[in-house]
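Novice: File name protein.txt; file contents compact mmCIF, C-alpha atoms; full text below.
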```txt
# COMPACT_ATOMS: atom_id res chain seq x y z
CA MET A 689 79.66 26.68 55.64
CA ILE A 690 77.47 29.33 54.00
CA PRO A 691 73.74 28.98 54.72
CA SER A 692 71.38 28.46 51.83
CA PRO A 693 69.49 31.50 50.46
CA PRO A 694 66.15 30.56 52.13
CA LEU A 695 67.92 30.05 55.47
CA ARG A 696 69.81 33.32 55.04
CA ALA A 697 66.53 35.14 54.30
CA LEU A 698 64.92 33.59 57.40
CA LEU A 699 67.88 34.68 59.57
CA MET A 700 67.68 38.23 58.17
CA MET A 701 63.93 38.39 58.89
CA LEU A 702 64.49 37.18 62.47
CA LEU A 703 67.22 39.77 62.96
CA ALA A 704 64.98 42.51 61.54
CA LEU A 705 62.05 41.45 63.73
CA THR A 706 64.28 41.42 66.82
CA LEU A 707 65.55 44.91 66.04
CA ILE A 708 62.01 46.19 65.45
CA LEU A 709 60.83 44.77 68.76
CA LEU A 710 63.83 46.21 70.59
CA PHE A 711 63.74 49.71 69.17
CA ALA A 712 60.22 50.42 67.95
CA GLY A 713 57.32 48.46 69.34
CA GLY A 714 58.93 46.49 72.13
CA THR A 715 58.34 49.16 74.75
CA ALA A 716 54.78 48.07 75.45
CA LEU A 717 55.90 44.50 76.12
CA ALA A 718 58.61 45.64 78.51
CA LEU A 719 56.40 47.89 80.67
CA SER A 720 55.40 46.57 84.04
CA GLU A 721 52.03 47.56 85.51
CA GLU A 722 53.74 50.12 87.82
CA GLU A 723 55.67 51.69 84.94
CA LEU A 724 52.53 51.79 82.82
CA GLU A 725 50.58 53.51 85.60
CA ARG A 726 53.44 55.96 86.25
CA ARG A 727 53.57 56.96 82.56
CA VAL A 728 49.79 57.34 82.36
CA GLN A 729 49.82 59.52 85.51
CA GLN A 730 52.75 61.62 84.23
CA ILE A 731 51.19 62.25 80.82
CA SER A 732 47.77 62.90 82.38
CA ASP A 733 49.37 65.45 84.69
CA GLU A 734 50.72 67.37 81.68
CA LEU A 735 47.28 67.63 80.03
CA ARG A 736 44.64 70.20 81.02
CA CYS A 737 41.10 69.04 81.76
CA PRO A 738 38.92 70.37 78.90
CA THR A 739 35.86 70.87 81.13
CA CYS A 740 37.33 72.31 84.34
CA GLN A 741 40.54 73.78 82.79
CA ALA A 742 42.03 74.68 86.18
CA LEU A 743 42.98 71.04 86.86
CA SER A 744 45.06 68.48 85.10
CA VAL A 745 43.43 65.42 83.57
CA LYS A 746 45.12 63.41 86.33
CA ASP A 747 43.47 65.45 89.12
CA SER A 748 40.05 65.95 87.54
CA GLU A 749 37.12 63.63 88.16
CA ALA A 750 35.14 64.91 85.18
CA SER A 751 33.94 62.16 82.85
CA PHE A 752 35.77 63.80 79.94
CA SER A 753 39.04 63.59 81.89
CA LYS A 754 38.40 59.93 82.64
CA GLN A 755 37.95 59.30 78.91
CA ILE A 756 41.22 61.09 78.18
CA ARG A 757 43.05 59.04 80.87
CA ASP A 758 41.65 55.85 79.32
CA LYS A 759 42.83 56.96 75.87
CA VAL A 760 46.28 57.77 77.28
CA ARG A 761 46.43 54.31 78.88
CA ARG A 762 45.52 52.61 75.58
CA MET A 763 48.12 54.63 73.70
CA VAL A 764 50.82 53.78 76.26
CA GLU A 765 49.87 50.11 76.07
CA GLU A 766 50.20 50.33 72.27
CA GLY A 767 53.79 51.50 72.78
CA GLN A 768 53.40 55.12 71.67
CA SER A 769 55.90 57.63 73.02
CA ASP A 770 54.96 60.46 75.39
CA ASP A 771 55.55 63.01 72.63
CA ASP A 772 53.30 61.09 70.22
CA ILE A 773 50.52 60.95 72.80
CA LYS A 774 50.78 64.68 73.57
CA ALA A 775 50.91 65.48 69.85
CA TYR A 776 47.69 63.48 69.38
CA PHE A 777 45.87 65.58 71.99
CA VAL A 778 47.35 68.85 70.69
CA ALA A 779 46.17 67.98 67.18
CA ARG A 780 42.73 67.19 68.52
CA TYR A 781 42.21 70.01 71.09
CA GLY A 782 44.89 72.61 70.35
CA GLU A 783 47.93 73.87 72.28
CA TRP A 784 45.86 74.92 75.28
CA ILE A 785 45.44 71.24 76.28
CA LEU A 786 49.08 71.29 77.43
CA ARG A 787 49.50 72.66 80.95
CA ALA A 788 53.03 73.88 80.18
CA PRO A 789 53.55 75.81 76.94
CA LYS A 790 56.08 74.51 74.44
CA LYS A 791 59.53 76.06 74.62
CA GLU A 792 59.41 77.54 71.15
CA GLY A 793 57.86 80.60 69.50
CA LEU A 794 55.44 82.45 71.77
CA GLY A 795 55.69 79.64 74.33
CA LEU A 796 59.41 80.43 74.67
CA VAL A 797 58.50 84.00 75.61
CA LEU A 798 56.15 82.64 78.28
CA TRP A 799 58.99 80.53 79.69
CA ILE A 800 61.57 83.36 79.64
CA LEU A 801 59.37 86.26 80.77
CA PRO A 802 59.05 85.33 84.49
CA GLY A 803 62.80 84.85 84.86
CA ALA A 804 63.53 88.09 83.01
CA ALA A 805 61.03 89.94 85.23
CA ILE A 806 62.64 88.56 88.39
CA LEU A 807 66.10 89.54 87.17
CA GLY A 808 64.85 93.01 86.17
CA VAL A 809 63.19 93.66 89.53
CA GLY A 810 66.26 92.32 91.36
CA GLY A 811 68.54 94.60 89.33
CA LEU A 812 66.28 97.57 90.02
CA LEU A 813 66.34 96.84 93.77
CA VAL A 814 70.15 96.55 93.81
CA TRP A 815 70.43 99.82 91.89
CA ARG A 816 68.05 101.62 94.29
CA VAL A 817 69.84 100.31 97.39
CA ARG A 818 73.24 101.37 96.05
CA ARG A 819 71.90 104.78 95.03
CA SER A 820 70.37 105.43 98.45
CA ALA A 821 73.59 104.24 100.13
CA LYS A 822 75.61 106.70 98.03
CA GLN A 823 73.18 109.50 98.89
CA ALA A 824 73.43 108.69 102.60
CA GLU A 825 77.21 108.57 102.34
CA SER A 826 77.32 111.95 100.61
CA ARG A 827 75.17 113.44 103.42
CA GLN A 828 77.55 112.10 106.06
CA THR A 829 80.72 113.55 104.56
CA ALA A 830 82.26 116.70 106.02
CA PRO A 831 80.52 119.91 105.06
CA PRO A 832 82.30 122.14 102.59
CA SER A 833 84.89 124.48 104.13
CA LEU A 834 83.59 127.82 105.39
CA SER A 835 84.57 131.14 103.94
CA PRO A 836 86.39 133.56 106.29
CA GLN A 837 83.22 135.68 106.68
CA GLN A 838 81.16 132.58 107.58
CA ARG A 839 83.80 131.41 110.03
CA GLU A 840 83.89 134.85 111.72
CA ARG A 841 80.09 134.98 112.03
CA LEU A 842 80.01 131.42 113.46
CA ASP A 843 82.62 132.33 116.07
CA ARG A 844 80.63 135.46 117.08
CA ASP A 845 77.43 133.45 117.42
CA LEU A 846 79.15 130.78 119.52
CA LYS A 847 80.60 133.45 121.87
CA ARG A 848 77.22 135.07 122.28
CA PHE A 849 75.64 131.68 123.01
CA LYS A 850 78.25 130.91 125.69
CA GLU A 851 77.79 134.37 127.28
CA GLU A 852 74.02 133.80 127.60
CA ASP A 853 74.54 130.65 129.68
```
Just give me the structure as structure tokens.

Specialist:
Amino acid sequence: MIPSPPLRALLMMLLALTLILLFAGGTALALSEEELERRVQQISDELRCPTCQALSVKDSEASFSKQIRDKVRRMVEEGQSDDDIKAYFVARYGEWILRAPKKEGLGLVLWILPGAAILGVGGLLVWRVRRSAKQAESRQTAPPSLSPQQRERLDRDLKRFKEED
């Protein structure tokens, strides 16, 4: 039996509403209090306190940081994603509000530079150690062979040294 057009339309609307709740806005309903608090703490830890700047919003007790934490909590409760929340604060305060730079453009350089510096210094140390080892090895090898005149003079000096004893 085929349902009537009004019943079919009602079923389609219910299906659409279910899909919307599952994939778009249903996240806020599914969050427990612990998950909500964990997300608020995680996002707050990624944002820099605008007044003290050396601390995250999570760690700061400044009133401005408390306001930001409250705004983060409201946005999480509304079902906004972490990226949406961070984008909101970046649009409002600029890139510096993020404690970790984005991994694109100049921010990518800031992410790569420390690793490249460590690799460069490590390579330089390996090169210096190998070079000094080769120099020490070359000093320990047998001296070049003596010419007949040098050999004769060495023998004379050794004889004279033994005679003096």

Novice: May I ask for the distance between atom CA of A:Val814 and atom CA of A:Leu798, given in Å to one decimal place?

Specialist: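 According to the coordinates, atom CA of A:Val814 and atom CA of A:Leu798 are separated by 25.1 Å.
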
Novice: Can you pull out the residues contacting stretch 777-779 of chain A? Cut-off 10 Å, using all atoms listed in the file, and skip same-chain residues under 3 positions away; I want them as an NGL selection string.

Specialist: :A and (735 or 756 or 759-760 or 772-774 or 782-786)

Novice: Counting only C-alpha atoms, which residues come within 10 Å of (49.8, 62.2, 85.2), with the point read in the file's coordinates, and could you list them as an NGL selection string?

Specialist: :A and (725-735 or 744-747 or 757 or 760)

Novice: Please measure the separation of atom CA of A:Pro802 and atom CA of A:Arg819, giving the value in Å to one decimal.

Specialist: 25.6 Å

Novice: Could you tell me how far atom CA of A:Asp770 lies from atom CA of A:Asp758, in Å and to one decimal?

Specialist: 14.6 Å

Novice: How close does each residue of stretch 757-796 of chain A get to stretch 697-711 of chain A, giving the shortest atom pair and distance in Å to one decimal for every residue with an atom at most 12 Å away, counting only C-alpha atoms, sorted by chain and residue number, as a Markdown table?

Specialist:
```
| residue | atom | partner | partner_atom | distance |
| --- | --- | --- | --- | --- |
| A:Gly767 | CA | A:Leu709 | CA | 10.5 |
| A:Gln768 | CA | A:Phe711 | CA | 11.9 |
| A:Ser769 | CA | A:Phe711 | CA | 11.8 |
```

Novice: Taking all atoms listed in the file into account, which of A:Ser692, A:Thr739, A:Ser833, A:Ser748 comes nearest A:Tyr781?

Specialist: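 The shortest atom-to-atom distance to A:Tyr781 comes from A:Thr739.
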
Novice: Which is closer to A:Ser751 than all the others in A:Pro738, A:Pro836, A:Pro694, A:Gly811, using all atoms listed in the file?

Specialist: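 Nearest to A:Ser751: A:Pro738.
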